[in-house]
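Participant: Provided herewith: start-v7.cif, mmCIF, C-alpha atoms.
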```
data_my_file
#
loop_
_atom_site.label_atom_id
_atom_site.label_comp_id
_atom_site.auth_asym_id
_atom_site.auth_seq_id
_atom_site.Cartn_x
_atom_site.Cartn_y
_atom_site.Cartn_z
CA MET D 24 113.27 100.13 182.14
CA ALA D 25 110.19 99.35 180.14
CA GLN D 26 109.92 95.75 179.10
CA MET D 27 109.83 95.25 175.33
CA ILE D 28 107.27 92.71 174.27
CA SER D 29 107.64 91.66 170.66
CA THR D 30 104.41 91.21 168.73
CA ILE D 31 106.28 89.46 165.90
CA ARG D 32 105.70 85.70 165.65
CA ASN D 33 106.81 83.60 162.64
CA GLY D 34 107.83 86.87 161.01
CA VAL D 35 104.21 88.08 161.20
CA ASP D 36 103.35 91.21 163.20
CA THR D 37 100.43 89.81 165.21
CA GLN D 38 99.44 93.26 166.49
CA GLN D 39 99.07 94.42 162.88
CA LEU D 40 97.32 91.13 161.99
CA PHE D 41 94.62 91.53 164.67
CA ALA D 42 94.28 95.27 163.91
CA THR D 43 93.74 94.39 160.21
CA ILE D 44 91.08 91.82 161.08
CA ASP D 45 89.31 94.34 163.38
CA ALA D 46 89.45 97.04 160.70
CA ILE D 47 87.88 94.90 157.93
CA ARG D 48 85.28 93.59 160.41
CA GLU D 49 84.24 97.18 161.19
CA GLN D 50 84.49 98.44 157.59
CA PRO D 51 83.86 95.49 155.23
CA ALA D 52 84.67 97.64 152.17
CA LEU D 53 88.33 97.64 153.27
CA GLY D 54 88.41 93.91 152.42
CA ALA D 55 87.87 94.51 148.70
CA PHE D 56 91.10 93.93 146.74
CA THR D 57 91.89 93.79 143.02
CA PHE D 58 95.16 92.11 142.00
CA ARG D 59 96.70 92.50 138.54
CA ALA D 60 99.42 91.35 136.18
CA THR D 61 100.41 92.30 132.64
CA ASN D 62 102.06 89.83 130.27
CA ARG D 63 104.01 90.29 127.05
CA TRP D 64 104.94 87.55 124.59
CA ILE D 65 108.63 87.47 123.69
CA ASN D 66 109.03 84.44 121.38
CA GLY D 67 107.83 80.83 121.27
CA ALA D 68 107.02 79.73 124.83
CA HIS D 69 108.86 82.71 126.31
CA ASN D 70 106.72 85.41 127.87
CA ARG D 71 107.09 87.82 130.77
CA SER D 72 104.71 89.19 133.41
CA ARG D 73 104.93 92.27 135.60
CA MET D 74 103.06 92.81 138.87
CA GLN D 75 103.23 96.07 140.78
CA GLY D 76 100.14 98.06 141.77
CA PHE D 77 96.90 96.70 143.16
CA TYR D 78 93.75 98.04 144.79
CA GLY D 79 93.10 97.22 148.43
CA ALA D 80 92.17 98.54 151.86
CA GLY D 81 90.15 101.33 150.26
CA ARG D 82 92.77 102.77 147.92
CA GLU D 83 95.11 102.17 145.00
CA ASP D 84 98.28 100.78 146.58
CA ASP D 85 101.47 102.36 145.22
CA SER D 86 103.86 101.13 147.91
CA ARG D 87 105.91 98.96 145.55
CA ARG D 88 108.64 101.08 143.96
CA GLU D 89 109.37 98.57 141.20
CA ALA D 90 107.42 95.88 139.41
CA PHE D 91 108.14 92.22 140.04
CA VAL D 92 109.12 90.58 136.75
CA VAL D 93 108.77 86.85 136.08
CA ASP D 94 109.57 84.85 132.94
CA SER D 95 107.85 81.73 131.64
CA GLY D 96 108.98 79.03 129.27
CA GLU D 97 108.64 75.37 128.39
CA PRO D 98 111.23 72.58 128.42
CA THR D 99 112.60 71.22 125.13
CA VAL D 100 110.25 68.23 125.07
CA LEU D 101 107.33 70.70 125.10
CA LEU D 102 108.87 72.82 122.31
CA GLY D 103 110.40 75.55 124.44
CA THR D 104 113.91 76.63 125.33
CA ASP D 105 113.62 76.62 129.15
CA THR D 106 113.35 80.40 129.49
CA GLY D 107 111.60 79.94 132.83
CA PRO D 108 109.22 77.64 134.69
CA SER D 109 106.14 76.60 132.71
CA ALA D 110 102.70 78.03 133.44
CA ILE D 111 101.70 74.76 135.15
CA GLU D 112 104.76 74.95 137.40
CA TYR D 113 103.91 78.56 138.31
CA LEU D 114 100.41 77.39 139.19
CA LEU D 115 101.85 74.67 141.46
CA HIS D 116 104.09 77.29 143.08
CA ALA D 117 101.05 79.54 143.66
CA VAL D 118 99.27 76.69 145.47
CA VAL D 119 102.11 75.82 147.88
CA ALA D 120 103.11 79.48 148.37
CA CYS D 121 99.56 80.35 149.45
CA LEU D 122 99.28 77.28 151.69
CA THR D 123 102.65 78.04 153.33
CA THR D 124 101.84 81.72 153.99
CA THR D 125 98.41 80.78 155.34
CA ILE D 126 100.02 78.23 157.71
CA ALA D 127 102.53 80.85 158.95
CA TYR D 128 99.79 83.48 159.52
CA CYS D 129 97.36 81.02 161.19
CA ALA D 130 100.16 79.77 163.47
CA ALA D 131 101.04 83.36 164.42
CA ALA D 132 97.40 84.03 165.36
CA ARG D 133 97.30 80.79 167.40
CA LYS D 134 100.54 81.55 169.28
CA ILE D 135 102.40 78.62 167.67
CA ARG D 136 106.05 79.30 166.84
CA LEU D 137 107.06 77.39 163.72
CA THR D 138 110.57 76.28 162.80
CA GLU D 139 109.82 74.63 159.45
CA ILE D 140 107.27 74.48 156.65
CA GLU D 141 108.38 72.43 153.65
CA SER D 142 106.16 71.14 150.92
CA THR D 143 106.24 69.17 147.71
CA ILE D 144 103.53 69.42 145.09
CA GLU D 145 102.97 67.37 141.98
CA ALA D 146 100.33 67.27 139.28
CA ASP D 147 99.53 64.61 136.69
CA MET D 148 98.59 65.82 133.25
CA ASP D 149 97.91 64.07 129.96
CA VAL D 150 99.08 66.52 127.30
CA ARG D 151 96.92 64.80 124.66
CA GLY D 152 94.24 67.24 125.87
CA CYS D 153 95.98 70.55 125.31
CA PHE D 154 97.63 69.29 122.08
CA GLY D 155 94.16 68.56 120.71
CA VAL D 156 94.91 64.84 120.13
CA ASP D 157 91.95 63.50 122.14
CA ASP D 158 88.86 65.58 122.98
CA ASP D 159 87.97 63.19 125.80
CA VAL D 160 91.14 64.17 127.70
CA ARG D 161 90.90 67.42 129.67
CA ASN D 162 93.48 70.14 128.98
CA GLY D 163 94.66 70.58 132.53
CA THR D 164 95.86 68.36 135.34
CA SER D 165 93.60 65.61 136.63
CA GLN D 166 95.01 65.61 140.17
CA ILE D 167 97.27 67.69 142.41
CA ARG D 168 98.99 66.15 145.44
CA VAL D 169 100.59 68.23 148.18
CA THR D 170 102.69 66.95 151.08
CA VAL D 171 103.56 69.52 153.75
CA ARG D 172 105.98 68.99 156.63
CA VAL D 173 105.45 71.36 159.57
CA ALA D 174 107.51 71.63 162.76
CA GLY D 175 107.20 74.00 165.74
CA ASP D 176 106.43 74.33 169.46
CA ALA D 177 103.08 72.53 169.38
CA SER D 178 101.92 68.89 169.51
CA ALA D 179 101.64 66.85 166.31
CA ASP D 180 97.85 66.99 166.71
CA ARG D 181 97.83 70.77 166.96
CA LEU D 182 100.14 71.10 163.95
CA ARG D 183 97.88 68.82 161.90
CA THR D 184 94.85 70.91 162.89
CA LEU D 185 96.81 74.03 161.90
CA VAL D 186 97.44 72.63 158.40
CA GLU D 187 93.77 71.66 158.06
CA ARG D 188 92.70 75.17 159.07
CA ALA D 189 95.15 76.75 156.60
CA GLN D 190 93.84 74.44 153.86
CA GLU D 191 90.30 75.67 154.62
CA ARG D 192 91.42 79.32 154.48
CA SER D 193 93.86 79.41 151.56
CA ALA D 194 92.71 81.69 148.75
CA VAL D 195 94.54 79.79 145.98
CA LEU D 196 93.43 76.35 147.22
CA ASP D 197 89.84 77.58 147.11
CA MET D 198 90.30 78.88 143.55
CA ILE D 199 92.03 75.79 142.18
CA THR D 200 89.67 73.27 143.79
CA ASN D 201 86.35 75.13 143.32
CA GLY D 202 87.07 77.07 140.12
CA VAL D 203 86.64 80.75 139.29
CA ALA D 204 84.56 82.55 136.67
CA LEU D 205 86.96 83.85 134.01
CA THR D 206 86.34 86.07 130.97
CA VAL D 207 88.71 86.62 128.04
CA GLU D 208 88.26 89.64 125.79
CA SER D 209 90.36 89.78 122.63
CA VAL D 210 91.49 92.99 120.95
CA THR D 211 92.64 92.49 117.38
CA GLU D 212 92.62 95.89 115.68
CA MET T 6 122.16 75.07 96.16
CA ALA T 7 119.56 73.45 98.35
CA GLN T 8 116.83 75.79 99.44
CA MET T 9 116.57 76.16 103.22
CA ILE T 10 112.98 76.11 104.41
CA SER T 11 112.63 77.19 108.02
CA THR T 12 110.13 75.23 110.05
CA ILE T 13 110.25 77.83 112.85
CA ARG T 14 107.17 80.05 113.15
CA ASN T 15 106.53 82.35 116.14
CA GLY T 16 109.63 80.80 117.71
CA VAL T 17 107.96 77.38 117.60
CA ASP T 18 109.53 74.54 115.58
CA THR T 19 106.42 73.42 113.69
CA GLN T 20 108.15 70.28 112.39
CA GLN T 21 108.83 69.23 115.99
CA LEU T 22 105.29 70.31 116.97
CA PHE T 23 103.61 68.08 114.38
CA ALA T 24 106.05 65.22 115.11
CA THR T 25 105.15 65.50 118.82
CA ILE T 26 101.42 65.39 118.06
CA ASP T 27 101.92 62.35 115.78
CA ALA T 28 104.02 60.58 118.43
CA ILE T 29 101.47 60.98 121.25
CA ARG T 30 98.66 60.03 118.88
CA GLU T 31 100.45 56.76 118.09
CA GLN T 32 101.63 56.10 121.67
CA PRO T 33 99.15 57.75 124.07
CA ALA T 34 101.34 56.86 127.09
CA LEU T 35 103.88 59.46 125.89
CA GLY T 36 101.29 62.13 126.76
CA ALA T 37 101.46 61.38 130.50
CA PHE T 38 103.35 64.11 132.36
CA THR T 39 103.91 64.81 136.07
CA PHE T 40 105.03 68.33 137.02
CA ARG T 41 106.49 69.20 140.43
CA ALA T 42 107.66 71.98 142.70
CA THR T 43 109.13 72.06 146.20
CA ASN T 44 108.61 74.99 148.55
CA ARG T 45 110.38 76.09 151.71
CA TRP T 46 109.15 78.71 154.17
CA ILE T 47 111.71 81.40 154.97
CA ASN T 48 109.91 83.84 157.31
CA GLY T 49 106.50 85.52 157.49
CA ALA T 50 105.03 85.68 153.99
CA HIS T 51 108.41 84.88 152.41
CA ASN T 52 108.78 81.43 150.86
CA ARG T 53 110.68 79.99 147.93
CA SER T 54 109.92 77.30 145.34
CA ARG T 55 112.19 75.27 143.11
CA MET T 56 111.19 73.53 139.90
CA GLN T 57 113.56 71.32 137.94
CA GLY T 58 112.77 67.71 137.03
CA PHE T 59 109.50 66.33 135.75
CA TYR T 60 108.20 63.14 134.19
CA GLY T 61 107.06 63.21 130.58
CA ALA T 62 107.25 61.58 127.16
CA GLY T 63 107.86 58.20 128.80
CA ARG T 64 110.78 59.11 131.04
CA GLU T 65 112.09 61.21 133.89
CA ASP T 66 113.28 64.43 132.24
CA ASP T 67 116.68 65.62 133.50
CA SER T 68 117.41 68.14 130.74
CA ARG T 69 117.36 71.17 133.06
CA ARG T 70 120.81 71.65 134.53
CA GLU T 71 119.62 73.96 137.31
CA ALA T 72 116.39 74.47 139.19
CA PHE T 73 114.26 77.54 138.59
CA VAL T 74 113.90 79.42 141.88
CA VAL T 75 111.00 81.80 142.59
CA ASP T 76 110.22 83.81 145.73
CA SER T 77 106.83 84.79 147.12
CA GLY T 78 105.77 87.51 149.49
CA GLU T 79 102.95 89.84 150.42
CA PRO T 80 102.78 93.66 150.35
CA THR T 81 102.85 95.62 153.62
CA VAL T 82 99.09 96.04 153.78
CA LEU T 83 98.81 92.22 153.81
CA LEU T 84 101.47 91.87 156.54
CA GLY T 85 104.43 91.02 154.33
CA THR T 86 107.65 92.76 153.31
CA ASP T 87 107.32 92.51 149.50
CA THR T 88 109.82 89.67 149.13
CA GLY T 89 108.16 88.70 145.84
CA PRO T 90 104.80 88.60 144.07
CA SER T 91 101.96 87.15 146.15
CA ALA T 92 100.55 83.68 145.51
CA ILE T 93 97.46 85.23 143.87
CA GLU T 94 99.68 87.26 141.52
CA TYR T 95 101.63 84.11 140.60
CA LEU T 96 98.32 82.42 139.83
CA LEU T 97 97.32 85.33 137.56
CA HIS T 98 100.70 85.07 135.85
CA ALA T 99 100.17 81.32 135.33
CA VAL T 100 96.83 82.03 133.60
CA VAL T 101 98.14 84.63 131.13
CA ALA T 102 101.43 82.76 130.56
CA CYS T 103 99.52 79.62 129.58
CA LEU T 104 97.08 81.54 127.38
CA THR T 105 99.93 83.38 125.63
CA THR T 106 101.96 80.22 124.96
CA THR T 107 98.86 78.42 123.71
CA ILE T 108 98.09 81.32 121.34
CA ALA T 109 101.69 81.25 120.00
CA TYR T 110 101.62 77.47 119.47
CA CYS T 111 98.13 77.44 117.90
CA ALA T 112 99.13 80.28 115.56
CA ALA T 113 102.28 78.38 114.53
CA ALA T 114 100.18 75.31 113.70
CA ARG T 115 97.73 77.47 111.70
CA LYS T 116 100.49 79.24 109.74
CA ILE T 117 99.74 82.62 111.31
CA ARG T 118 102.81 84.75 112.03
CA LEU T 119 102.23 86.87 115.13
CA THR T 120 103.93 90.15 115.96
CA GLU T 121 102.34 90.80 119.35
CA ILE T 122 100.51 89.14 122.22
CA GLU T 123 99.92 91.39 125.21
CA SER T 124 97.52 90.75 128.02
CA THR T 125 96.29 92.23 131.25
CA ILE T 126 94.63 90.15 133.94
CA GLU T 127 92.88 91.22 137.10
CA ALA T 128 91.03 89.46 139.89
CA ASP T 129 88.66 90.80 142.52
CA MET T 130 88.95 89.31 145.98
CA ASP T 131 87.31 90.10 149.30
CA VAL T 132 89.97 89.25 151.90
CA ARG T 133 87.30 88.94 154.62
CA GLY T 134 87.12 85.31 153.46
CA CYS T 135 90.72 84.23 153.93
CA PHE T 136 91.08 86.34 157.13
CA GLY T 137 88.16 84.39 158.61
CA VAL T 138 86.05 87.53 159.20
CA ASP T 139 82.96 86.33 157.30
CA ASP T 140 82.26 82.67 156.52
CA ASP T 141 79.84 83.67 153.75
CA VAL T 142 82.72 85.22 151.76
CA ARG T 143 84.81 82.74 149.75
CA ASN T 144 88.58 82.68 150.34
CA GLY T 145 89.61 83.16 146.74
CA THR T 146 88.80 85.55 143.92
CA SER T 147 85.23 85.84 142.74
CA GLN T 148 86.10 86.81 139.16
CA ILE T 149 89.10 86.95 136.83
CA ARG T 150 89.12 89.22 133.77
CA VAL T 151 91.64 88.86 130.95
CA THR T 152 92.11 91.23 128.00
CA VAL T 153 94.48 90.01 125.30
CA ARG T 154 95.71 92.06 122.35
CA VAL T 155 96.94 90.00 119.39
CA ALA T 156 98.49 91.23 116.13
CA GLY T 157 99.87 89.32 113.16
CA ASP T 158 99.45 88.48 109.46
CA ALA T 159 95.81 87.37 109.67
CA SER T 160 92.42 89.09 109.60
CA ALA T 161 90.85 90.36 112.84
CA ASP T 162 88.30 87.55 112.55
CA ARG T 163 90.96 84.89 112.24
CA LEU T 164 92.90 86.34 115.18
CA ARG T 165 89.76 86.36 117.33
CA THR T 166 89.10 82.71 116.41
CA LEU T 167 92.72 81.94 117.30
CA VAL T 168 92.28 83.41 120.79
CA GLU T 169 89.03 81.46 121.26
CA ARG T 170 90.74 78.23 120.23
CA ALA T 171 93.66 78.89 122.61
CA GLN T 172 91.18 79.62 125.40
CA GLU T 173 89.55 76.22 124.74
CA ARG T 174 92.95 74.46 124.79
CA SER T 175 94.80 76.18 127.63
CA ALA T 176 95.70 73.80 130.46
CA VAL T 177 95.71 76.46 133.19
CA LEU T 178 92.45 78.07 132.02
CA ASP T 179 90.81 74.64 132.23
CA MET T 180 92.16 74.11 135.75
CA ILE T 181 91.22 77.54 137.11
CA THR T 182 87.72 77.58 135.60
CA ASN T 183 86.74 73.94 136.14
CA GLY T 184 88.71 73.12 139.30
CA VAL T 185 91.07 70.25 140.09
CA ALA T 186 90.97 67.53 142.75
CA LEU T 187 93.65 68.35 145.33
CA THR T 188 94.88 66.42 148.36
CA VAL T 189 97.03 67.75 151.21
CA GLU T 190 98.93 65.34 153.44
CA SER T 191 100.59 66.79 156.54
CA VAL T 192 103.73 65.34 158.14
CA THR T 193 104.29 66.55 161.69
CA GLU T 194 106.75 64.15 163.32
#
```
Can you present the structure in this file as structure tokens?
Facilitator:
Amino acid sequence: MAQMISTIRNGVDTQQLFATIDAIREQPALGAFTFRATNRWINGAHNRSRMQGFYGAGREDDSRREAFVVDSGEPTVLLGTDTGPSAIEYLLHAVVACLTTTIAYCAAARKIRLTEIESTIEADMDVRGCFGVDDDVRNGTSQIRVTVRVAGDASADRLRTLVERAQERSAVLDMITNGVALTVESVTE
Amino acid sequence: MAQMISTIRNGVDTQQLFATIDAIREQPALGAFTFRATNRWINGAHNRSRMQGFYGAGREDDSRREAFVVDSGEPTVLLGTDTGPSAIEYLLHAVVACLTTTIAYCAAARKIRLTEIESTIEADMDVRGCFGVDDDVRNGTSQIRVTVRVAGDASADRLRTLVERAQERSAVLDMITNGVALTVESVTE
């Protein structure tokens, strides 16, 4: 009987992972992606986004049969009716989601089997900025703190190095710490 | 009979809005907020965040009876199983959600009744960065483009000015364009 060797580690197909890396090394154009979302205002602080198609690996990806739909809101104290997490909370989720996935993928590549990744994230923000009360206060958060607990079949040192490597490679951490050029075009006809 | 004058505009209670602005102008400490999320890895690119409590307006806010729960994932081409939007897509949602809410609130304050806010957002990203294929390529997106369509009972000029003002006041737009200090602490015992 042939021996079955699983290439899945941490839920990541490492054979596919290394094949993907080889493919974009050989054909850099395959690395170009464009991600998208559309958003529609419902009422007050309630609005809804849809994400489905994207461009990547040299073609328009139509593998998702349905759009993902997410709702935003604000709590009462910020004049909403709690129709969903606030935009800031979604941003915090994006940061820890990206860090967690990057840790799982990096560990898979490094042959570390993980049993746990748990994180907490918090951000301080003085809302006098975005409410226009004090122009010397910035609109957004002044500081984001993340604590991540990782467990698996590697030494504490190796796990710490893994988290550091993931932090260096996370797309969202790069964007939120270094900033991104952003343009807004308004259509009013 | 007493005449009822509604203070609700665009789903925003303008009386509460102006009272909130007055309150944080008089007591700046009320403007200090701390937002939070916790995230747990499930498998592969699948992880889940919860957002419930936060600190704000001088106290720990416990008005939300249940946590909001959101799931992340990656599409097949990025080694996931589509268990939810990707972290990048959540980030794009956070940007347009914040811009939309800020437009609705600013319009309410300026006595503009809106009938529509619809936006599309897209971000280009070369995944050679986050896959570690080329150190000269950044991990995150190089550019984010937003198009927002706004309609309501104001001139096209006034609506365009409204969008510009919201862009200047959006918390998430500030964070994503100017960057935020971020610390990651790892716990490995």
Participant: Just the number, please: distance in Å from atom CA of Glu194 of chain T to atom CA of Arg55 of chain T, one decimal.
Facilitator: 23.7 Å
Participant: In Å, with one decimal, what is the gap from atom CA of Asp140 of chain T to atom CA of Asp197 of chain D?
Facilitator: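 We find that atom CA of Asp140 of chain T and atom CA of Asp197 of chain D lie 13.1 Å from each other.
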Participant: Pick the closest to chain T from D:Gly175, D:Glu145, D:Gly103, D:Ile126: which is it, counting only C-alpha atoms?
Facilitator: D:Glu145
Participant: Leaving out Ala60 of chain D and any residue of its chain fewer than 6 positions from it, which residues lie within 12 Å of it when counting all atoms listed in the file, given as a PyMOL selection string?
Facilitator: (chain D and resi 71-77+90-93) or (chain T and resi 90-91+93-102+123-128+149-152)
Participant: Pick out the closest residue to Gly81 of chain D from this set: T:Ile117, T:Leu22, T:Ile47, T:Val82. Count all atoms listed in the file.
Facilitator: T:Val82
Participant: Using all atoms listed in the file, can you tell me which of D:Asp147, D:Glu191, D:Asp176, D:Glu208 comes closest to Tyr60 of chain T?
Facilitator: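 The answer is D:Asp147, which sits nearest to Tyr60 of chain T.
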Participant: So which residues get picked by the PyMOL selection byres ((chain D and resi 56) around 6) here, written as an NGL selection string?
Facilitator: (:D and (55 or 57 or 78-79)) or (:T and (129-131))
Participant: Using all atoms listed in the file, which of the listed residues (D:Arg188, D:Leu53, D:Ala110, D:Arg136) sits closest to chain T?
Facilitator: D:Ala110
